[in-house]
>>> print(open('work05.cif').read())   # mmCIF, C-alpha atoms
data_data
loop_
_atom_site.group_PDB
_atom_site.id
_atom_site.type_symbol
_atom_site.label_atom_id
_atom_site.label_comp_id
_atom_site.auth_asym_id
_atom_site.auth_seq_id
_atom_site.Cartn_x
_atom_site.Cartn_y
_atom_site.Cartn_z
ATOM 1 C CA MET A 94 -30.157 9.835 7.178
ATOM 2 C CA ALA A 95 -29.543 7.271 9.886
ATOM 3 C CA GLU A 96 -26.400 5.168 9.414
ATOM 4 C CA GLN A 97 -26.961 1.486 8.944
ATOM 5 C CA GLN A 98 -25.610 -0.462 11.878
ATOM 6 C CA ASN A 99 -22.280 -1.835 10.723
ATOM 7 C CA LYS A 100 -22.161 -5.383 12.012
ATOM 8 C CA ASN A 101 -18.665 -6.050 10.747
ATOM 9 C CA ARG A 102 -15.645 -6.574 12.944
ATOM 10 C CA TYR A 103 -12.328 -5.141 11.790
ATOM 11 C CA SER A 104 -8.956 -6.577 12.760
ATOM 12 C CA ILE A 105 -6.232 -3.973 12.306
ATOM 13 C CA ILE A 106 -2.825 -5.597 11.913
ATOM 14 C CA VAL A 107 0.156 -3.367 12.649
ATOM 15 C CA PRO A 108 3.656 -4.839 12.321
ATOM 16 C CA THR A 109 6.126 -2.976 14.527
ATOM 17 C CA TYR A 110 9.842 -2.741 15.029
ATOM 18 C CA ASN A 111 11.155 -0.052 17.343
ATOM 19 C CA GLU A 112 7.981 2.014 17.298
ATOM 20 C CA ARG A 113 7.676 2.693 21.006
ATOM 21 C CA LEU A 114 6.297 6.202 20.624
ATOM 22 C CA ASN A 115 4.514 5.842 17.309
ATOM 23 C CA ILE A 116 2.486 2.814 18.354
ATOM 24 C CA ALA A 117 0.996 4.681 21.294
ATOM 25 C CA LEU A 118 0.128 7.659 19.099
ATOM 26 C CA LEU A 119 -1.333 5.354 16.481
ATOM 27 C CA VAL A 120 -3.556 3.517 18.949
ATOM 28 C CA PHE A 121 -4.863 6.807 20.338
ATOM 29 C CA LEU A 122 -5.700 8.051 16.844
ATOM 30 C CA VAL A 123 -7.448 4.812 15.868
ATOM 31 C CA PHE A 124 -9.702 5.009 18.911
ATOM 32 C CA LYS A 125 -10.294 8.681 18.200
ATOM 33 C CA HIS A 126 -11.411 8.175 14.598
ATOM 34 C CA ILE A 127 -13.488 4.981 14.709
ATOM 35 C CA PRO A 128 -14.992 4.991 18.192
ATOM 36 C CA ASP A 129 -18.240 3.328 17.149
ATOM 37 C CA VAL A 130 -16.740 0.577 15.062
ATOM 38 C CA ASP A 131 -16.174 -2.958 16.332
ATOM 39 C CA PHE A 132 -12.423 -3.453 15.959
ATOM 40 C CA GLU A 133 -9.290 -4.908 17.465
ATOM 41 C CA ILE A 134 -5.686 -3.863 16.943
ATOM 42 C CA ILE A 135 -3.211 -6.719 16.525
ATOM 43 C CA ILE A 136 0.346 -5.588 17.083
ATOM 44 C CA VAL A 137 2.942 -7.918 15.644
ATOM 45 C CA ASP A 138 6.190 -6.830 17.208
ATOM 46 C CA ASP A 139 9.434 -8.436 16.087
ATOM 47 C CA GLY A 140 11.285 -8.314 19.375
ATOM 48 C CA SER A 141 11.900 -4.570 19.430
ATOM 49 C CA PRO A 142 14.816 -3.663 21.663
ATOM 50 C CA ASP A 143 13.391 -0.221 22.445
ATOM 51 C CA GLY A 144 10.603 -1.492 24.688
ATOM 52 C CA THR A 145 7.725 -1.262 22.206
ATOM 53 C CA GLN A 146 6.078 -4.267 23.847
ATOM 54 C CA ASP A 147 6.112 -2.570 27.268
ATOM 55 C CA ILE A 148 4.280 0.383 25.768
ATOM 56 C CA VAL A 149 1.743 -1.983 24.198
ATOM 57 C CA LYS A 150 1.085 -3.483 27.618
ATOM 58 C CA GLN A 151 0.498 0.015 29.018
ATOM 59 C CA LEU A 152 -1.922 0.669 26.178
ATOM 60 C CA GLN A 153 -3.750 -2.527 27.058
ATOM 61 C CA GLN A 154 -4.274 -1.117 30.550
ATOM 62 C CA VAL A 155 -5.923 1.952 29.059
ATOM 63 C CA TYR A 156 -7.929 0.442 26.234
ATOM 64 C CA GLY A 157 -8.428 -3.177 27.234
ATOM 65 C CA ASP A 158 -6.588 -6.296 26.204
ATOM 66 C CA ASP A 159 -9.604 -7.432 24.217
ATOM 67 C CA ARG A 160 -9.147 -4.423 21.911
ATOM 68 C CA ILE A 161 -5.343 -4.448 21.792
ATOM 69 C CA LEU A 162 -3.672 -7.752 21.099
ATOM 70 C CA LEU A 163 0.060 -8.202 21.336
ATOM 71 C CA ARG A 164 1.207 -11.083 19.194
ATOM 72 C CA ALA A 165 4.960 -10.736 19.262
ATOM 73 C CA ARG A 166 7.716 -12.658 17.537
ATOM 74 C CA PRO A 167 11.272 -13.183 18.732
ATOM 75 C CA LYS A 168 13.050 -11.230 16.004
ATOM 76 C CA LYS A 169 12.680 -9.521 12.633
ATOM 77 C CA LEU A 170 11.058 -12.111 10.432
ATOM 78 C CA GLY A 171 9.716 -10.044 7.561
ATOM 79 C CA LEU A 172 6.557 -8.212 6.645
ATOM 80 C CA GLY A 173 4.713 -10.968 4.811
ATOM 81 C CA THR A 174 5.021 -13.391 7.680
ATOM 82 C CA ALA A 175 4.032 -10.619 10.104
ATOM 83 C CA TYR A 176 0.721 -10.278 8.294
ATOM 84 C CA SER A 177 0.225 -14.049 8.227
ATOM 85 C CA HIS A 178 0.995 -14.202 11.918
ATOM 86 C CA GLY A 179 -1.458 -11.414 12.723
ATOM 87 C CA LEU A 180 -4.056 -12.995 10.472
ATOM 88 C CA LYS A 181 -4.003 -16.195 12.512
ATOM 89 C CA HIS A 182 -5.130 -14.219 15.554
ATOM 90 C CA ALA A 183 -7.660 -12.032 13.778
ATOM 91 C CA SER A 184 -11.234 -12.510 14.936
ATOM 92 C CA GLY A 185 -12.766 -9.984 12.584
ATOM 93 C CA ASN A 186 -14.315 -10.621 9.178
ATOM 94 C CA PHE A 187 -12.319 -7.725 7.786
ATOM 95 C CA VAL A 188 -8.619 -7.008 8.097
ATOM 96 C CA VAL A 189 -6.857 -3.652 7.830
ATOM 97 C CA ILE A 190 -3.127 -3.503 7.335
ATOM 98 C CA MET A 191 -1.265 -0.305 8.063
ATOM 99 C CA ASP A 192 2.151 0.986 9.068
ATOM 100 C CA ALA A 193 2.994 1.954 12.610
ATOM 101 C CA ASP A 194 4.963 5.097 11.841
ATOM 102 C CA LEU A 195 1.983 7.426 11.296
ATOM 103 C CA SER A 196 2.584 7.716 7.559
ATOM 104 C CA HIS A 197 -0.812 5.979 7.413
ATOM 105 C CA HIS A 198 -3.202 8.185 9.315
ATOM 106 C CA PRO A 199 -6.108 6.479 11.112
ATOM 107 C CA LYS A 200 -8.416 9.301 10.074
ATOM 108 C CA TYR A 201 -8.799 7.471 6.752
ATOM 109 C CA LEU A 202 -10.177 4.333 8.397
ATOM 110 C CA PRO A 203 -13.787 5.582 8.195
ATOM 111 C CA HIS A 204 -13.228 6.276 4.480
ATOM 112 C CA PHE A 205 -12.014 2.738 3.865
ATOM 113 C CA ILE A 206 -14.926 1.251 5.774
ATOM 114 C CA LYS A 207 -17.503 3.442 4.068
ATOM 115 C CA LYS A 208 -16.127 2.646 0.612
ATOM 116 C CA GLN A 209 -16.276 -1.067 1.289
ATOM 117 C CA VAL A 210 -19.802 -0.943 2.663
ATOM 118 C CA GLU A 211 -20.999 1.162 -0.283
ATOM 119 C CA THR A 212 -19.420 -0.946 -2.999
ATOM 120 C CA GLY A 213 -19.166 -4.386 -1.445
ATOM 121 C CA ALA A 214 -15.530 -4.455 -2.503
ATOM 122 C CA ASP A 215 -13.219 -7.316 -1.575
ATOM 123 C CA ILE A 216 -10.296 -4.966 -1.137
ATOM 124 C CA VAL A 217 -10.086 -1.222 -0.542
ATOM 125 C CA THR A 218 -6.615 0.161 -1.123
ATOM 126 C CA GLY A 219 -5.311 3.576 -0.211
ATOM 127 C CA THR A 220 -3.723 5.540 -3.029
ATOM 128 C CA ARG A 221 -1.386 8.479 -2.659
ATOM 129 C CA TYR A 222 -1.331 9.336 -6.327
ATOM 130 C CA VAL A 223 -4.793 10.654 -7.063
ATOM 131 C CA LYS A 224 -6.504 13.940 -6.406
ATOM 132 C CA GLY A 225 -7.445 14.100 -2.749
ATOM 133 C CA GLY A 226 -4.411 12.070 -1.866
ATOM 134 C CA GLY A 227 -0.801 13.116 -1.728
ATOM 135 C CA VAL A 228 2.560 12.853 -0.101
ATOM 136 C CA HIS A 229 4.613 15.168 2.044
ATOM 137 C CA GLY A 230 8.304 15.051 2.757
ATOM 138 C CA TRP A 231 9.474 13.629 -0.554
ATOM 139 C CA THR A 232 12.327 15.184 -2.494
ATOM 140 C CA LEU A 233 12.003 15.768 -6.221
ATOM 141 C CA MET A 234 14.242 12.761 -6.844
ATOM 142 C CA ARG A 235 11.991 10.566 -4.750
ATOM 143 C CA LYS A 236 8.916 11.747 -6.625
ATOM 144 C CA LEU A 237 10.668 11.138 -9.933
ATOM 145 C CA THR A 238 11.630 7.571 -9.090
ATOM 146 C CA SER A 239 8.173 6.928 -7.696
ATOM 147 C CA ARG A 240 6.472 8.246 -10.819
ATOM 148 C CA GLY A 241 8.899 6.447 -13.134
ATOM 149 C CA ALA A 242 8.400 3.207 -11.248
ATOM 150 C CA ASN A 243 4.659 3.653 -11.436
ATOM 151 C CA VAL A 244 4.585 4.273 -15.198
ATOM 152 C CA LEU A 245 6.840 1.265 -15.780
ATOM 153 C CA ALA A 246 4.699 -0.988 -13.611
ATOM 154 C CA HIS A 247 1.508 0.181 -15.278
ATOM 155 C CA THR A 248 2.925 -0.331 -18.778
ATOM 156 C CA LEU A 249 4.123 -3.835 -17.960
ATOM 157 C CA LEU A 250 1.514 -5.164 -15.586
ATOM 158 C CA TRP A 251 -1.794 -3.304 -16.172
ATOM 159 C CA PRO A 252 -2.514 -3.714 -12.461
ATOM 160 C CA GLY A 253 -5.853 -1.956 -12.193
ATOM 161 C CA VAL A 254 -4.814 0.212 -9.243
ATOM 162 C CA SER A 255 -2.988 3.523 -9.164
ATOM 163 C CA ASP A 256 -0.755 2.880 -6.132
ATOM 164 C CA LEU A 257 0.977 -0.477 -6.339
ATOM 165 C CA THR A 258 3.377 -0.257 -3.431
ATOM 166 C CA GLY A 259 0.974 1.248 -0.923
ATOM 167 C CA SER A 260 0.394 -0.787 2.207
ATOM 168 C CA PHE A 261 -2.655 0.881 3.735
ATOM 169 C CA ARG A 262 -5.414 -1.534 2.796
ATOM 170 C CA LEU A 263 -8.670 -3.071 3.918
ATOM 171 C CA TYR A 264 -9.303 -6.695 2.963
ATOM 172 C CA LYS A 265 -12.112 -9.119 3.484
ATOM 173 C CA LYS A 266 -10.442 -11.633 5.740
ATOM 174 C CA SER A 267 -11.115 -14.584 3.426
ATOM 175 C CA VAL A 268 -9.656 -12.658 0.498
ATOM 176 C CA LEU A 269 -6.476 -11.798 2.374
ATOM 177 C CA GLU A 270 -6.049 -15.402 3.423
ATOM 178 C CA ASP A 271 -6.434 -16.505 -0.160
ATOM 179 C CA ILE A 272 -3.919 -14.051 -1.623
ATOM 180 C CA ILE A 273 -1.319 -14.182 1.095
ATOM 181 C CA SER A 274 -0.911 -17.908 0.639
ATOM 182 C CA SER A 275 0.171 -17.417 -2.962
ATOM 183 C CA CYS A 276 2.620 -14.522 -2.419
ATOM 184 C CA VAL A 277 6.301 -15.134 -1.913
ATOM 185 C CA SER A 278 8.034 -11.767 -2.342
ATOM 186 C CA LYS A 279 9.595 -9.645 0.368
ATOM 187 C CA GLY A 280 9.267 -6.030 1.390
ATOM 188 C CA TYR A 281 7.339 -3.638 -0.812
ATOM 189 C CA VAL A 282 7.445 -6.026 -3.770
ATOM 190 C CA PHE A 283 5.266 -8.168 -1.517
ATOM 191 C CA GLN A 284 2.680 -5.355 -1.429
ATOM 192 C CA MET A 285 2.813 -5.160 -5.201
ATOM 193 C CA GLU A 286 2.456 -8.898 -5.547
ATOM 194 C CA MET A 287 -0.575 -8.939 -3.259
ATOM 195 C CA ILE A 288 -2.509 -6.347 -5.195
ATOM 196 C CA VAL A 289 -1.525 -7.672 -8.639
ATOM 197 C CA ARG A 290 -2.515 -11.233 -7.714
ATOM 198 C CA ALA A 291 -5.787 -9.933 -6.301
ATOM 199 C CA SER A 292 -6.415 -8.099 -9.547
ATOM 200 C CA ARG A 293 -5.624 -11.194 -11.620
ATOM 201 C CA LYS A 294 -7.936 -13.331 -9.507
ATOM 202 C CA GLY A 295 -10.760 -10.956 -10.316
ATOM 203 C CA TYR A 296 -11.335 -9.561 -6.850
ATOM 204 C CA HIS A 297 -13.302 -6.332 -6.658
ATOM 205 C CA ILE A 298 -10.804 -3.632 -5.711
ATOM 206 C CA GLU A 299 -11.707 -0.045 -4.853
ATOM 207 C CA GLU A 300 -9.408 2.874 -4.085
ATOM 208 C CA VAL A 301 -9.550 5.645 -1.535
ATOM 209 C CA PRO A 302 -7.274 8.724 -1.666
ATOM 210 C CA ILE A 303 -4.937 8.967 1.297
ATOM 211 C CA THR A 304 -2.282 11.427 2.326
ATOM 212 C CA PHE A 305 1.095 10.106 3.280
ATOM 213 C CA VAL A 306 3.367 12.137 5.520
ATOM 214 C CA ASP A 307 6.759 10.520 5.381
ATOM 215 C CA ARG A 308 8.457 9.540 8.587
ATOM 216 C CA VAL A 309 9.483 12.695 10.386
ATOM 217 C CA TYR A 310 12.530 11.112 11.979
ATOM 218 C CA GLY A 311 15.114 9.499 9.755
ATOM 219 C CA SER A 312 14.958 9.517 5.988
ATOM 220 C CA SER A 313 13.404 7.053 3.608
ATOM 221 C CA LYS A 314 16.302 5.378 1.933
ATOM 222 C CA LEU A 315 15.867 4.733 -1.748
ATOM 223 C CA GLY A 316 19.201 3.636 -3.091
ATOM 224 C CA GLY A 317 20.403 1.607 -6.030
ATOM 225 C CA SER A 318 19.670 -1.702 -4.383
ATOM 226 C CA GLU A 319 16.005 -0.786 -3.853
ATOM 227 C CA ILE A 320 15.681 0.075 -7.519
ATOM 228 C CA VAL A 321 17.241 -3.240 -8.532
ATOM 229 C CA GLU A 322 14.906 -5.091 -6.173
ATOM 230 C CA TYR A 323 11.966 -3.263 -7.681
ATOM 231 C CA LEU A 324 12.931 -4.133 -11.255
ATOM 232 C CA LYS A 325 13.484 -7.748 -10.300
ATOM 233 C CA GLY A 326 10.082 -7.720 -8.626
ATOM 234 C CA LEU A 327 8.425 -6.327 -11.756
ATOM 235 C CA VAL A 328 9.961 -9.004 -13.975
ATOM 236 C CA TYR A 329 8.962 -11.697 -11.491
ATOM 237 C CA LEU A 330 5.381 -10.419 -11.443
ATOM 238 C CA LEU A 331 5.358 -10.138 -15.213
ATOM 239 C CA PHE A 332 6.114 -13.822 -15.581
ATOM 240 C CA THR A 333 4.227 -15.318 -12.677
ATOM 241 C CA THR A 334 0.923 -13.433 -12.496
ATOM 242 C CA MET Z 117 -3.637 -16.866 -18.579
ATOM 243 C CA LYS Z 118 -0.456 -15.380 -17.244
ATOM 244 C CA HIS Z 119 0.044 -11.717 -18.016
ATOM 245 C CA ILE Z 120 3.220 -12.384 -19.992
ATOM 246 C CA ALA Z 121 1.207 -14.699 -22.233
ATOM 247 C CA LYS Z 122 -1.207 -11.870 -23.017
ATOM 248 C CA ILE Z 123 1.678 -9.563 -23.885
ATOM 249 C CA MET Z 124 3.308 -12.235 -26.063
ATOM 250 C CA ALA Z 125 0.020 -12.812 -27.859
ATOM 251 C CA PHE Z 126 -0.286 -9.094 -28.489
ATOM 252 C CA PHE Z 127 3.233 -8.927 -29.927
ATOM 253 C CA MET Z 128 2.664 -11.960 -32.107
ATOM 254 C CA ALA Z 129 -0.443 -10.323 -33.532
ATOM 255 C CA VAL Z 130 1.392 -7.068 -34.170
ATOM 256 C CA THR Z 131 4.334 -8.930 -35.727
ATOM 257 C CA ALA Z 132 1.966 -10.854 -37.982
ATOM 258 C CA VAL Z 133 0.417 -7.601 -39.174
ATOM 259 C CA TRP Z 134 3.895 -6.173 -39.756
ATOM 260 C CA ILE Z 135 5.028 -9.184 -41.787
ATOM 261 C CA SER Z 136 1.888 -9.113 -43.872
ATOM 262 C CA LEU Z 137 2.468 -5.427 -44.542
ATOM 263 C CA LEU Z 138 5.991 -6.268 -45.718
ATOM 264 C CA GLN Z 139 4.712 -8.924 -48.070
ATOM 265 C CA THR Z 140 1.731 -7.143 -49.579
ATOM 266 C CA ALA Z 141 3.640 -3.876 -49.810
ATOM 267 C CA MET Z 142 0.583 -1.715 -49.240
ATOM 268 C CA ILE Z 143 2.876 0.795 -47.621
ATOM 269 C CA SER Z 144 6.308 1.328 -49.161
ATOM 270 C CA GLN Z 145 8.909 -1.210 -48.025
ATOM 271 C CA SER Z 146 11.305 1.336 -46.567
ATOM 272 C CA HIS Z 147 8.597 2.685 -44.266
ATOM 273 C CA THR Z 148 7.462 -0.748 -43.193
ATOM 274 C CA TRP Z 149 10.950 -1.780 -42.102
ATOM 275 C CA LEU Z 150 11.118 1.230 -39.858
ATOM 276 C CA LEU Z 151 7.748 0.666 -38.199
ATOM 277 C CA PRO Z 152 9.144 -1.281 -35.228
ATOM 278 C CA LEU Z 153 11.563 1.537 -34.593
ATOM 279 C CA TYR Z 154 8.783 4.106 -34.732
ATOM 280 C CA PHE Z 155 6.791 1.989 -32.308
ATOM 281 C CA ILE Z 156 9.618 1.720 -29.785
ATOM 282 C CA VAL Z 157 10.414 5.423 -29.998
ATOM 283 C CA SER Z 158 6.736 6.333 -29.597
ATOM 284 C CA LEU Z 159 6.453 4.054 -26.598
ATOM 285 C CA GLY Z 160 9.521 5.674 -25.072
ATOM 286 C CA CYS Z 161 8.189 9.162 -25.675
ATOM 287 C CA TYR Z 162 4.826 8.224 -24.254
ATOM 288 C CA GLY Z 163 6.496 6.848 -21.164
ATOM 289 C CA LEU Z 164 8.578 9.974 -20.673
ATOM 290 C CA LEU Z 165 5.528 12.131 -21.184
ATOM 291 C CA MET Z 166 3.592 10.178 -18.569
ATOM 292 C CA VAL Z 167 6.447 10.518 -16.117
ATOM 293 C CA GLY Z 168 6.751 14.248 -16.751
ATOM 294 C CA VAL Z 169 3.042 14.933 -16.514
ATOM 295 C CA GLY Z 170 2.746 12.798 -13.408
ATOM 296 C CA LEU Z 171 5.661 14.589 -11.815
ATOM 297 C CA MET Z 172 4.132 17.994 -12.480
ATOM 298 C CA GLN Z 173 0.765 16.909 -11.131
ATOM 299 C CA PHE Z 174 2.190 14.954 -8.190
ATOM 300 C CA PRO Z 175 -0.222 15.600 -5.380
ATOM 301 C CA THR Z 176 1.383 16.999 -2.233
ATOM 302 C CA CYS Z 177 -0.093 17.775 1.133
ATOM 303 C CA PRO Z 178 2.088 20.040 3.252
ATOM 304 C CA GLN Z 179 -0.852 20.937 5.462
ATOM 305 C CA GLU Z 180 -1.067 17.309 6.527
ATOM 306 C CA ALA Z 181 2.285 17.531 8.278
ATOM 307 C CA VAL Z 182 0.927 20.390 10.389
ATOM 308 C CA LEU Z 183 -2.247 18.476 11.201
ATOM 309 C CA LEU Z 184 -0.184 15.465 12.138
ATOM 310 C CA GLN Z 185 1.881 17.500 14.581
ATOM 311 C CA GLN Z 186 -1.334 18.690 16.205
ATOM 312 C CA ASP Z 187 -2.548 15.106 16.455
ATOM 313 C CA VAL Z 188 0.729 14.100 18.056
ATOM 314 C CA ILE Z 189 0.370 16.791 20.726
ATOM 315 C CA GLU Z 190 -3.208 15.811 21.470
ATOM 316 C CA ALA Z 191 -2.270 12.134 21.627
ATOM 317 C CA LYS Z 192 0.682 12.712 23.947
ATOM 318 C CA GLN Z 193 -1.463 14.715 26.327
ATOM 319 C CA PHE Z 194 -4.110 12.033 26.584
ATOM 320 C CA LEU Z 195 -1.646 9.179 26.889
ATOM 321 C CA LYS Z 196 0.487 10.874 29.535
ATOM 322 C CA HIS Z 197 -2.666 11.557 31.523
ATOM 323 C CA ASN Z 198 -3.545 7.865 31.348
ATOM 324 C CA GLY Z 199 -0.240 6.437 32.375
ATOM 325 C CA VAL Z 200 1.326 5.578 29.055
ATOM 326 C CA ASP Z 201 4.982 6.507 28.761
ATOM 327 C CA VAL Z 202 5.383 8.932 25.872
ATOM 328 C CA GLY Z 203 8.725 10.312 26.923
ATOM 329 C CA THR Z 204 11.677 10.733 24.629
ATOM 330 C CA ASP Z 205 12.218 7.632 22.470
#
>>> encode(input="work05.cif", output="structure tokens")
Amino acid sequence: MAEQQNKNRYSIIVPTYNERLNIALLVFLVFKHIPDVDFEIIIVDDGSPDGTQDIVKQLQQVYGDDRILLRARPKKLGLGTAYSHGLKHASGNFVVIMDADLSHHPKYLPHFIKKQVETGADIVTGTRYVKGGGVHGWTLMRKLTSRGANVLAHTLLWPGVSDLTGSFRLYKKSVLEDIISSCVSKGYVFQMEMIVRASRKGYHIEEVPITFVDRVYGSSKLGGSEIVEYLKGLVYLLFTT
Amino acid sequence: MKHIAKIMAFFMAVTAVWISLLQTAMISQSHTWLLPLYFIVSLGCYGLLMVGVGLMQFPTCPQEAVLLQQDVIEAKQFLKHNGVDVGTD
């Protein structure tokens, strides 16, 4: 069966901070997995001291500066504003957001695109918690807190998606612009707020299983303060969405 | 309607049913007074059950780490060949 020509353009926004090696690997993998798709990669770097921006410029030599856009900022200014900043420079009608550290593998990009084309969804979100998805590199404690947090969020918020804090998502550009303007949280609560608000506004959301290999170098910190932030975020979302 | 409003409405409805049960005494009074407690305990048990079941069924993907390492090697080869610095970070 011949594939319908996909006339969409996808802007992939990747916020970076000290991802000199990972960003190069990521860009290679994106080009490897969606070679026939019309896309651009917008790298929003917050003034990384490790030379990430130099690597991006080298990548532009290889892949073209029309495919790889560097839209840097002077210092760490937060994830939400990084997406807004990237969005301003996005020329596509669809936007993908993903992490730079390879926990989000570009091999799922075709799955996201296919799901959206098949269902006409406004948002396709990656979920680690269903069959076909999964995580690697999490301790039992991490899994327990993740599962507990998930059950709590589902009981309180009825969000309509299985993975609330995931940040590997495909949005219609107009939809992202609409939601991002009404979100005020920081960090991963921001991701939760985005998807809950989208759900409340009645946007059509589909899910795609993804695997998530935790950062190989360094450990994901999940201390008391993160848990407090999460609970505060839940209460905030409970009352404002 | 805000989500909290929906939850409040639900609780008001349940409370109204509970009060009417107290007044009409269809079920014995002593049982009716304990209903809220039963509800909270059931909710707690349900939550714990969901956490436990979810934890047991938590999907993992150890093979993905291996595949990722292979991807990294392939990527480094290509990038080095094309002049991108993939040396030690």
>>> axis_aligned_box(input="work05.cif", around="stretch 184-199 of chain A", padding_each_side="8 Å", output="JSON")
{"center_x": -4.7, "center_y": -2.2, "center_z": 11.1, "size_x": 35.3, "size_y": 36.7, "size_z": 23.6}
>>> interface_residues(input="work05.cif", of="chain Z", to="chain A", cutoff="12 Å", atoms="only C-alpha atoms", output="JSON, numbers by chain")
{"Z": [117, 118, 119, 120, 121, 122, 123, 124, 159, 160, 162, 163, 164, 165, 166, 167, 168, 169, 170, 171, 172, 173, 174, 175, 176, 177, 178, 179, 180, 181, 182, 183, 184, 185, 186, 187, 188, 189, 190, 191, 192, 193, 194, 195, 196, 197, 198, 199, 200, 201, 202, 203, 204, 205]}
>>> residues_around(input="work05.cif", residues="Z:Pro152", least_positions_apart="3", cutoff="12 Å", atoms="all atoms listed in the file", output="tab-separated table (two decimals) with C-alpha atoms, in the coordinates of the input")
chain	number	residue	atom	x	y	z
Z	127	PHE	CA	3.23	-8.93	-29.93
Z	130	VAL	CA	1.39	-7.07	-34.17
Z	131	THR	CA	4.33	-8.93	-35.73
Z	133	VAL	CA	0.42	-7.60	-39.17
Z	134	TRP	CA	3.90	-6.17	-39.76
Z	135	ILE	CA	5.03	-9.18	-41.79
Z	146	SER	CA	11.30	1.34	-46.57
Z	147	HIS	CA	8.60	2.68	-44.27
Z	148	THR	CA	7.46	-0.75	-43.19
Z	149	TRP	CA	10.95	-1.78	-42.10
Z	155	PHE	CA	6.79	1.99	-32.31
Z	156	ILE	CA	9.62	1.72	-29.78
Z	157	VAL	CA	10.41	5.42	-30.00
Z	158	SER	CA	6.74	6.33	-29.60
Z	159	LEU	CA	6.45	4.05	-26.60
>>> residues_around(input="work05.cif", residues="A:Leu180", least_positions_apart="5", cutoff="12 Å", atoms="only C-alpha atoms", output="JSON, numbers by chain")
{"A": [103, 104, 105, 106, 107, 108, 133, 134, 135, 136, 137, 162, 164, 173, 174, 175, 185, 186, 187, 188, 189, 190, 264, 265, 266, 267, 268, 269, 270, 271, 273, 274]}
>>> closest_residue(input="work05.cif", among="A:Val301, A:Thr258, A:Gln98, A:Ala193", to="A:Val130", atoms="only C-alpha atoms")
A:Gln98
>>> closest_residue(input="work05.cif", among="A:Met234, A:Val289, A:Ile206, A:Ile272", to="A:Tyr176", atoms="all atoms listed in the file")
A:Ile272
>>> resolve_selection(input="work05.cif", expression="the PyMOL selection byres ((chain A and resi 260) around 10)", output="JSON, numbers by chain")
{"A": [189, 190, 191, 192, 197, 218, 219, 220, 256, 257, 258, 259, 261, 262, 263, 281, 283, 284, 285, 287, 288]}
>>> atom_distance(input="work05.cif", atom1="atom CA of A:His178", atom2="atom CA of A:Ser275")
15.2 Å
>>> atom_distance(input="work05.cif", atom1="atom CA of A:Ile298", atom2="atom CA of A:Pro203")
16.9 Å
>>> atom_distance(input="work05.cif", atom1="atom CA of A:Ile216", atom2="atom CA of A:His297")
6.4 Å
>>> build_atoms(input="work05.cif", residues="stretch 234-245 of chain A", atoms="N, CA and C atoms", output="CSV table (one decimal), keeping the file's coordinate frame")
chain,number,residue,atom,x,y,z
A,234,MET,N,13.7,14.0,-6.4
A,234,MET,CA,14.2,12.8,-6.8
A,234,MET,C,13.3,11.6,-6.5
A,235,ARG,N,12.9,11.6,-5.2
A,235,ARG,CA,12.0,10.6,-4.8
A,235,ARG,C,10.7,10.5,-5.6
A,236,LYS,N,10.1,11.7,-5.8
A,236,LYS,CA,8.9,11.7,-6.6
A,236,LYS,C,9.2,11.2,-8.0
A,237,LEU,N,10.3,11.6,-8.6
A,237,LEU,CA,10.7,11.1,-9.9
A,237,LEU,C,10.8,9.6,-10.0
A,238,THR,N,11.5,9.0,-9.1
A,238,THR,CA,11.6,7.6,-9.1
A,238,THR,C,10.3,6.9,-8.8
A,239,SER,N,9.5,7.5,-8.0
A,239,SER,CA,8.2,6.9,-7.7
A,239,SER,C,7.3,7.0,-9.0
A,240,ARG,N,7.3,8.1,-9.6
A,240,ARG,CA,6.5,8.2,-10.8
A,240,ARG,C,7.0,7.3,-11.9
A,241,GLY,N,8.3,7.3,-12.1
A,241,GLY,CA,8.9,6.4,-13.1
A,241,GLY,C,8.6,5.0,-12.9
A,242,ALA,N,8.7,4.6,-11.6
A,242,ALA,CA,8.4,3.2,-11.2
A,242,ALA,C,6.9,2.9,-11.5
A,243,ASN,N,6.1,3.8,-11.2
A,243,ASN,CA,4.7,3.7,-11.4
A,243,ASN,C,4.3,3.5,-12.9
A,244,VAL,N,4.9,4.3,-13.8
A,244,VAL,CA,4.6,4.3,-15.2
A,244,VAL,C,5.1,2.9,-15.7
A,245,LEU,N,6.3,2.5,-15.3
A,245,LEU,CA,6.8,1.3,-15.8
A,245,LEU,C,5.9,0.1,-15.4
